[in-house]
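Asks: Input coords-v1.csv, format and content: CSV, C-alpha atoms (C1' of nucleotides).
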```csv
chain,number,residue,atom,x,y,z
S,1,MET,CA,180.0,142.8,68.0
S,2,MET,CA,179.9,146.0,66.2
S,3,ILE,CA,182.2,147.5,63.5
S,4,LEU,CA,183.2,151.0,64.5
S,5,LYS,CA,183.0,153.6,61.8
S,6,SER,CA,186.4,155.2,61.2
S,7,LYS,CA,187.4,157.9,58.8
S,8,SER,CA,190.7,156.3,57.9
S,9,LYS,CA,192.3,152.9,58.0
S,10,TYR,CA,192.9,151.9,61.6
S,11,ASP,CA,196.0,150.0,62.8
S,12,LEU,CA,194.9,148.8,66.2
S,13,GLU,CA,198.1,147.0,67.3
S,14,SER,CA,200.4,149.9,66.5
S,15,THR,CA,198.1,152.4,68.0
S,16,LEU,CA,197.4,150.6,71.3
S,17,TYR,CA,201.0,149.6,72.0
S,18,SER,CA,203.0,152.5,70.5
S,19,GLY,CA,203.9,153.9,73.9
S,20,GLN,CA,201.2,156.6,74.2
S,21,CYS,CA,199.0,154.6,76.5
S,22,PHE,CA,199.9,151.9,79.0
S,23,LEU,CA,196.4,150.8,80.1
S,24,TRP,CA,195.5,148.6,77.1
S,25,ASN,CA,196.0,144.8,77.6
S,26,PRO,CA,196.2,142.1,75.0
S,27,ILE,CA,193.6,139.4,75.6
S,28,LEU,CA,193.0,136.1,73.9
S,29,SER,CA,189.3,136.0,73.2
S,30,ASP,CA,187.8,132.9,71.4
S,31,ASN,CA,191.3,132.1,70.2
S,32,LEU,CA,191.5,135.6,68.6
S,33,GLN,CA,193.7,138.5,69.6
S,34,ALA,CA,191.6,141.1,71.3
S,35,HIS,CA,192.5,144.1,73.4
S,36,GLU,CA,191.0,145.3,76.7
S,37,ILE,CA,190.7,148.6,78.5
S,38,VAL,CA,188.5,150.3,81.2
S,39,LEU,CA,187.0,153.6,80.1
S,40,GLY,CA,184.8,155.6,82.3
S,41,GLY,CA,184.2,152.6,84.6
S,42,THR,CA,183.2,150.3,81.8
S,43,ARG,CA,185.3,147.4,80.4
S,44,PHE,CA,185.8,147.3,76.7
S,45,ARG,CA,187.2,144.8,74.3
S,46,VAL,CA,188.1,145.4,70.7
S,47,GLN,CA,189.8,143.5,67.9
S,48,GLN,CA,191.2,144.3,64.4
S,49,LEU,CA,188.9,143.4,61.5
S,50,SER,CA,190.6,144.1,58.2
S,51,ASP,CA,191.1,147.9,58.2
S,52,LYS,CA,188.5,148.5,60.9
S,53,ILE,CA,187.8,148.0,64.6
S,54,ASP,CA,185.4,145.4,65.9
S,55,ALA,CA,184.0,146.3,69.3
S,56,ILE,CA,183.3,142.8,70.9
S,57,TYR,CA,182.6,143.8,74.5
S,58,PRO,CA,180.2,144.9,76.0
S,59,LEU,CA,178.2,142.4,74.1
S,60,ASN,CA,175.1,144.6,73.5
S,61,ILE,CA,177.0,147.8,73.4
S,62,THR,CA,174.9,150.9,73.9
S,63,GLN,CA,175.0,154.1,71.8
S,64,ASN,CA,176.7,155.9,74.7
S,65,GLN,CA,179.3,153.2,75.2
S,66,SER,CA,180.2,153.1,71.6
S,67,LEU,CA,180.7,156.9,71.7
S,68,ILE,CA,183.0,156.5,74.6
S,69,LEU,CA,185.1,154.0,72.7
S,70,GLN,CA,185.1,155.9,69.5
S,71,ASN,CA,186.1,159.1,71.4
S,72,HIS,CA,189.0,157.3,73.0
S,73,LEU,CA,190.2,155.7,69.7
S,74,ARG,CA,189.9,159.0,67.8
S,75,VAL,CA,188.2,157.2,64.9
S,76,ASP,CA,187.2,160.5,63.4
S,77,ASP,CA,190.7,161.6,62.7
S,78,ASP,CA,191.4,162.2,59.0
S,79,LEU,CA,194.8,160.7,58.7
S,80,GLY,CA,195.0,161.3,54.9
S,81,TYR,CA,194.6,165.0,55.6
S,82,ILE,CA,197.1,164.9,58.4
S,83,TYR,CA,199.6,163.1,56.2
S,84,GLN,CA,199.3,165.9,53.7
S,85,SER,CA,199.5,168.7,56.2
S,86,ILE,CA,203.2,168.6,55.9
S,87,GLU,CA,205.3,168.6,52.7
S,88,SER,CA,206.6,165.1,53.3
S,89,ASP,CA,210.2,164.2,53.2
S,90,LYS,CA,211.4,160.7,52.4
S,91,TYR,CA,211.5,159.7,56.1
S,92,LEU,CA,208.0,160.7,56.9
S,93,LEU,CA,206.6,159.3,53.6
S,94,SER,CA,208.0,155.8,54.5
S,95,SER,CA,206.8,156.2,58.0
S,96,PHE,CA,203.3,157.0,56.9
S,97,LYS,CA,203.3,154.1,54.6
S,98,LYS,CA,204.8,151.6,57.0
S,99,PHE,CA,202.5,152.6,59.9
S,100,GLU,CA,199.4,153.6,57.9
S,101,GLY,CA,196.5,153.7,60.3
S,102,LEU,CA,198.5,154.5,63.4
S,103,HIS,CA,196.3,156.8,65.4
S,104,LEU,CA,196.7,159.0,68.5
S,105,LEU,CA,194.4,158.1,71.4
S,106,ARG,CA,192.3,160.4,73.5
S,107,GLN,CA,193.1,159.3,77.1
S,108,ASP,CA,191.7,160.4,80.4
S,109,PRO,CA,193.9,163.4,81.5
S,110,TRP,CA,194.4,162.2,85.1
S,111,GLU,CA,195.5,158.7,84.1
S,112,CYS,CA,197.7,160.2,81.4
S,113,LEU,CA,199.3,162.6,83.8
S,114,VAL,CA,200.2,159.9,86.2
S,115,THR,CA,201.4,157.7,83.4
S,116,PHE,CA,203.9,160.2,82.1
S,117,ILE,CA,205.1,161.4,85.5
S,118,CYS,CA,206.1,157.7,85.8
S,119,SER,CA,207.8,157.8,82.5
S,120,SER,CA,210.8,159.9,83.5
S,121,ASN,CA,214.1,158.1,83.5
S,122,ASN,CA,212.2,154.9,82.9
S,123,ASN,CA,211.5,152.3,80.3
S,124,MET,CA,208.2,151.3,78.8
S,125,LYS,CA,208.1,147.9,80.4
S,126,ARG,CA,208.5,149.2,83.9
S,127,ILE,CA,206.0,152.0,83.3
S,128,LYS,CA,203.4,149.4,82.4
S,129,LEU,CA,204.4,147.3,85.5
S,130,MET,CA,204.2,150.3,87.8
S,131,LEU,CA,200.7,151.3,86.6
S,132,ASN,CA,199.4,147.7,86.9
S,133,LYS,CA,200.7,147.6,90.5
S,134,LEU,CA,199.1,151.0,91.2
S,135,ILE,CA,195.7,149.9,89.9
S,136,ASN,CA,195.8,146.5,91.7
S,137,SER,CA,196.8,148.1,95.0
S,138,PHE,CA,193.4,149.8,95.4
S,139,ASP,CA,190.0,148.2,95.9
S,140,ASN,CA,188.2,149.7,92.9
S,141,THR,CA,186.8,146.4,91.9
S,142,HIS,CA,183.8,146.1,89.5
S,143,THR,CA,182.1,143.1,88.1
S,144,ASP,CA,180.6,142.5,84.7
S,145,SER,CA,179.7,139.4,82.7
S,146,LEU,CA,183.4,138.6,82.1
S,147,GLY,CA,184.2,138.8,85.8
S,148,GLU,CA,186.1,141.3,87.9
S,149,TYR,CA,188.1,144.3,86.7
S,150,LYS,CA,189.6,147.4,88.3
S,151,THR,CA,189.4,151.1,87.7
S,152,PHE,CA,192.2,153.7,88.1
S,153,PRO,CA,192.7,155.3,91.6
S,154,THR,CA,191.5,158.8,92.0
S,155,PRO,CA,193.7,161.7,93.5
S,156,ASP,CA,191.7,161.4,96.8
S,157,GLN,CA,192.6,157.7,97.0
S,158,ILE,CA,196.2,158.3,96.4
S,159,ILE,CA,196.4,160.9,99.1
S,160,GLU,CA,194.6,158.6,101.5
S,161,ALA,CA,197.0,155.8,100.8
S,162,GLY,CA,200.0,158.1,101.2
S,163,GLU,CA,203.3,158.7,99.5
S,164,GLU,CA,204.8,155.6,101.3
S,165,HIS,CA,202.3,153.4,99.6
S,166,LEU,CA,203.6,154.5,96.2
S,167,ARG,CA,207.1,154.0,97.3
S,168,SER,CA,206.3,150.5,98.4
S,169,LEU,CA,205.0,149.8,94.9
S,170,GLY,CA,208.4,150.7,93.5
S,171,PHE,CA,207.7,154.3,92.3
S,172,GLY,CA,211.0,155.6,93.7
S,173,TYR,CA,211.4,159.4,93.6
S,174,ARG,CA,208.2,159.6,91.4
S,175,ALA,CA,206.1,158.7,94.5
S,176,LYS,CA,206.5,162.2,95.9
S,177,TYR,CA,205.7,163.8,92.5
S,178,ILE,CA,202.4,161.8,92.1
S,179,PHE,CA,201.5,162.3,95.7
S,180,GLU,CA,202.0,166.1,95.6
S,181,THR,CA,200.3,166.4,92.3
S,182,SER,CA,197.3,164.6,93.7
S,183,ARG,CA,197.2,167.0,96.6
S,184,ILE,CA,197.3,170.1,94.3
S,185,ILE,CA,194.5,168.7,92.2
S,186,LEU,CA,192.4,168.0,95.2
S,187,TYR,CA,193.1,171.2,97.2
S,188,GLU,CA,192.8,173.5,94.2
S,189,ASN,CA,189.8,171.6,92.9
S,190,ILE,CA,191.4,171.3,89.5
S,191,ASP,CA,189.3,169.7,86.7
S,192,LEU,CA,191.9,168.5,84.2
S,193,LEU,CA,189.1,167.9,81.6
S,194,LYS,CA,188.6,171.6,81.4
S,195,LEU,CA,192.0,171.9,79.9
S,196,ARG,CA,190.9,169.9,76.9
S,197,SER,CA,191.1,171.9,73.6
S,198,GLN,CA,192.3,174.9,75.5
S,199,ASN,CA,195.2,177.1,74.4
S,200,TYR,CA,198.5,175.3,74.2
S,201,ASP,CA,200.6,177.8,76.1
S,202,ASP,CA,198.1,178.1,78.9
S,203,ASN,CA,198.0,174.3,79.3
S,204,LEU,CA,201.8,174.0,79.2
S,205,GLU,CA,202.0,176.6,82.0
S,206,GLN,CA,199.3,174.9,84.0
S,207,LEU,CA,200.7,171.4,83.7
S,208,THR,CA,204.3,172.3,84.4
S,209,MET,CA,203.2,173.7,87.8
S,210,PHE,CA,202.8,170.1,88.9
S,211,PRO,CA,205.9,168.6,90.5
S,212,GLY,CA,207.5,166.0,88.2
S,213,VAL,CA,206.0,167.6,85.1
S,214,GLY,CA,208.4,169.3,82.8
S,215,ASP,CA,208.2,170.3,79.2
S,216,LYS,CA,208.3,166.7,77.9
S,217,VAL,CA,205.7,165.2,80.2
S,218,ALA,CA,203.4,168.2,79.8
S,219,ASN,CA,203.5,167.9,76.0
S,220,CYS,CA,202.7,164.1,76.3
S,221,VAL,CA,199.7,164.9,78.5
S,222,MET,CA,198.5,167.6,76.1
S,223,LEU,CA,199.0,165.5,73.0
S,224,PHE,CA,197.6,162.2,74.4
S,225,SER,CA,194.7,163.5,76.5
S,226,LEU,CA,194.0,167.2,76.0
S,227,ASP,CA,193.5,167.5,72.2
S,228,ASN,CA,196.5,169.8,71.7
S,229,LEU,CA,197.6,168.1,68.5
S,230,ASN,CA,200.3,170.7,68.1
S,231,ALA,CA,202.0,169.5,71.3
S,232,PHE,CA,205.5,168.0,70.5
S,233,PRO,CA,207.1,165.9,73.2
S,234,VAL,CA,210.9,165.8,72.8
S,235,ASP,CA,212.4,162.6,74.3
S,236,VAL,CA,215.6,160.7,73.5
S,237,TRP,CA,214.1,159.0,70.5
S,238,ILE,CA,212.6,162.2,69.0
S,239,ASN,CA,215.8,164.0,69.8
S,240,ARG,CA,217.7,161.3,67.8
S,241,VAL,CA,215.5,161.4,64.8
S,242,LEU,CA,215.5,165.2,64.7
S,243,ARG,CA,219.3,165.3,64.8
S,244,GLU,CA,219.7,162.5,62.3
S,245,ILE,CA,217.1,163.4,59.7
S,246,TYR,CA,216.3,167.1,60.1
S,247,LEU,CA,219.5,168.7,61.4
S,248,ASN,CA,223.0,167.9,60.2
S,249,ASP,CA,224.0,168.1,63.8
S,250,SER,CA,225.7,165.1,65.3
S,251,LYS,CA,226.0,166.7,68.7
S,252,ASN,CA,223.2,168.1,70.7
S,253,LYS,CA,223.7,171.5,72.2
S,254,ILE,CA,220.1,172.6,71.6
S,255,ALA,CA,217.8,172.5,74.6
S,256,ASP,CA,214.8,170.2,74.1
S,257,SER,CA,212.3,173.0,74.6
S,258,ARG,CA,214.0,174.9,71.8
S,259,LEU,CA,213.9,171.9,69.5
S,260,ARG,CA,210.3,171.5,70.5
S,261,SER,CA,209.1,175.0,69.5
S,262,HIS,CA,211.2,175.0,66.4
S,263,PHE,CA,209.7,171.8,65.0
S,264,GLN,CA,206.2,172.8,66.1
S,265,SER,CA,206.5,175.7,63.7
S,266,TYR,CA,208.1,173.4,61.0
S,267,PHE,CA,205.5,170.6,61.2
S,268,GLY,CA,202.5,172.8,61.7
S,269,GLU,CA,199.2,172.3,63.5
S,270,TYR,CA,199.4,168.5,63.5
S,271,SER,CA,203.0,168.4,64.6
S,272,GLY,CA,202.0,166.2,67.5
S,273,TYR,CA,200.7,163.6,65.1
S,274,ILE,CA,203.9,163.8,63.1
S,275,ASN,CA,205.8,163.5,66.3
S,276,HIS,CA,204.2,160.2,67.1
S,277,TYR,CA,205.0,158.7,63.6
S,278,LEU,CA,208.6,159.9,64.0
S,279,PHE,CA,208.8,158.3,67.5
S,280,HIS,CA,207.2,155.0,66.4
S,281,SER,CA,209.4,154.8,63.3
S,282,ARG,CA,212.6,155.5,65.1
S,283,ARG,CA,211.9,153.0,67.8
S,284,ASN,CA,210.9,150.2,65.3
S,285,ASP,CA,214.0,150.2,63.0
K,286,DC,C1',221.1,152.5,80.3
K,287,DA,C1',215.8,153.4,80.2
K,288,DG,C1',210.4,158.1,76.4
K,289,DG,C1',213.3,163.8,82.5
K,290,DT,C1',212.8,166.8,86.3
K,291,DC,C1',214.1,169.9,90.0
Z,292,DG,C1',218.9,160.2,91.2
Z,293,DC,C1',214.7,155.4,92.0
Z,294,DT,C1',215.1,150.8,90.3
Z,295,DG,C1',214.9,146.6,87.2
Z,296,DG,C1',217.0,144.0,83.3
```
Now, as a test, write the supplied structure out as structure tokens.

Replies:
Amino acid sequence: MMILKSKSKYDLESTLYSGQCFLWNPILSDNLQAHEIVLGGTRFRVQQLSDKIDAIYPLNITQNQSLILQNHLRVDDDLGYIYQSIESDKYLLSSFKKFEGLHLLRQDPWECLVTFICSSNNNMKRIKLMLNKLINSFDNTHTDSLGEYKTFPTPDQIIEAGEEHLRSLGFGYRAKYIFETSRIILYENIDLLKLRSQNYDDNLEQLTMFPGVGDKVANCVMLFSLDNLNAFPVDVWINRVLREIYLNDSKNKIADSRLRSHFQSYFGEYSGYINHYLFHSRRND
DNA sequence: CAGGTC
DNA sequence: GCTGG
């Protein structure tokens, strides 16, 4: 048990299940609500403790392990500063207030890429189901003091299993996208981690080269795993809220990528953070 | 119809 | 155009 230092109030529940990551699982631990994820091959459990996060597993957490967890949870983000980075309108102000402590996560780029290739034309419940099936269909079993757990399959493993394997798990047309993307990553020896913190435009160009990755999916991967906090994914929910609150436009003739670049300029360097608050607010009303 | 892409 | 609710 160890309280993680965080710069701002942390709303764990909203953060973990706000639709940016599908690999966290709610766990009942000692009759308390905890949350579990595997990061870098290690199983972690955390729970909310007032405004902070309590890391409850591993039991004797090492310095390095706590860094891995803090890095994923982005505890160093200064939300107050981000809230003030934009001249707030009524909608954003109420959103900041209602979901104070909602953070972005810093995910593994490969896991994030697969996740959002799965997200196209899909709903959150089934995305979660598909990823669970994918993880459980491989034999990446590890054991710790809590028992067995599994890690995410690598591109090599997915290629070896074949496109039909993904299809049999119910991936539909996304099976081909994930299979081909795996092949490109392996054959071109691409290290997705090298894209972290790199230039937004270069990352967008790189990522949209993968089959099944368009403007929206690429922006999700950049925002949720590559530290491009100015990335701005435009999905149906964001599209709605932009039309309803920021444009007096009932129809939608504007292409998503044009909406995206316009509001990136409007919201500034943390537009991705703003995006996530808008998304979360619009979905929860 | 569901957090699009080719 | 894949597939589940």

Asks: Please identify every residue of chain S that has at least one atom no farther than 9 Å from an atom of chain K, counting all atoms listed in the file, and for each give the shortest atom pair and the distance in Å to one decimal, arranged by chain then increasing number, as a Markdown table.

Replies:
```
| residue | atom | partner | partner_atom | distance |
| --- | --- | --- | --- | --- |
| S:Gly19 | CA | K:DG288 | C1' | 8.1 |
| S:Phe116 | CA | K:DG288 | C1' | 8.9 |
| S:Ser119 | CA | K:DG288 | C1' | 6.6 |
| S:Ser120 | CA | K:DG289 | C1' | 4.7 |
| S:Asn121 | CA | K:DG289 | C1' | 5.8 |
| S:Asn122 | CA | K:DA287 | C1' | 4.7 |
| S:Asn123 | CA | K:DA287 | C1' | 4.4 |
| S:Met124 | CA | K:DG288 | C1' | 7.5 |
| S:Pro211 | CA | K:DT290 | C1' | 8.3 |
| S:Gly212 | CA | K:DT290 | C1' | 5.7 |
| S:Val213 | CA | K:DT290 | C1' | 7.0 |
| S:Gly214 | CA | K:DT290 | C1' | 6.2 |
| S:Asp215 | CA | K:DG289 | C1' | 8.9 |
| S:Lys216 | CA | K:DG289 | C1' | 7.4 |
| S:Val217 | CA | K:DG289 | C1' | 8.1 |
| S:Val234 | CA | K:DG288 | C1' | 8.5 |
| S:Asp235 | CA | K:DG288 | C1' | 5.4 |
| S:Val236 | CA | K:DG288 | C1' | 6.5 |
| S:Trp237 | CA | K:DG288 | C1' | 7.0 |
| S:Ile238 | CA | K:DG288 | C1' | 8.7 |
```

Asks: Enumerate as a list in words the residues belonging to chain S that approach chain Z to within 8 Å, with all atoms listed in the file taken into account.

Replies: Arg126, Gly170, Phe171, Gly172, Tyr173 and Arg174 of chain S

Asks: Quick one: residues within 9 Å of Glu111 (chain S), all atoms listed in the file, excluding same-chain residues fewer than 4 positions away - as a compact mmCIF listing (two decimals) with C-alpha atoms, keeping the file's coordinate frame?

Replies:
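Listing of around.txt after writing:
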```txt
# COMPACT_ATOMS: atom_id res chain seq x y z
CA LEU S 23 196.40 150.80 80.10
CA GLN S 107 193.10 159.30 77.10
CA THR S 115 201.40 157.70 83.40
CA PHE S 116 203.90 160.20 82.10
CA PHE S 152 192.20 153.70 88.10
CA PRO S 153 192.70 155.30 91.60
CA THR S 154 191.50 158.80 92.00
```

Asks: One number please: CA of Ser197 (chain S) to CA of Ser18 (chain S), in Å, one decimal.

Replies: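 Between CA of Ser197 (chain S) and CA of Ser18 (chain S) the gap is 23.0 Å.
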
Asks: Between CA of Asp227 (chain S) and CA of Asn275 (chain S), what is the distance in Å, rounded to a tenth?

Replies: 14.2 Å

Asks: Report, in Å with one decimal, the straight-line distance from CA of Ser66 (chain S) to CA of Lys125 (chain S).

Replies: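 Computing it gives 29.7 Å between the two atoms.
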
Asks: Which one of S:Leu69, S:Leu247, S:Ala231, S:Met1 sits closest to Arg106 (chain S) if you count all atoms listed in the file?

Replies: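 Under the stated criterion, the closest residue is S:Leu69.
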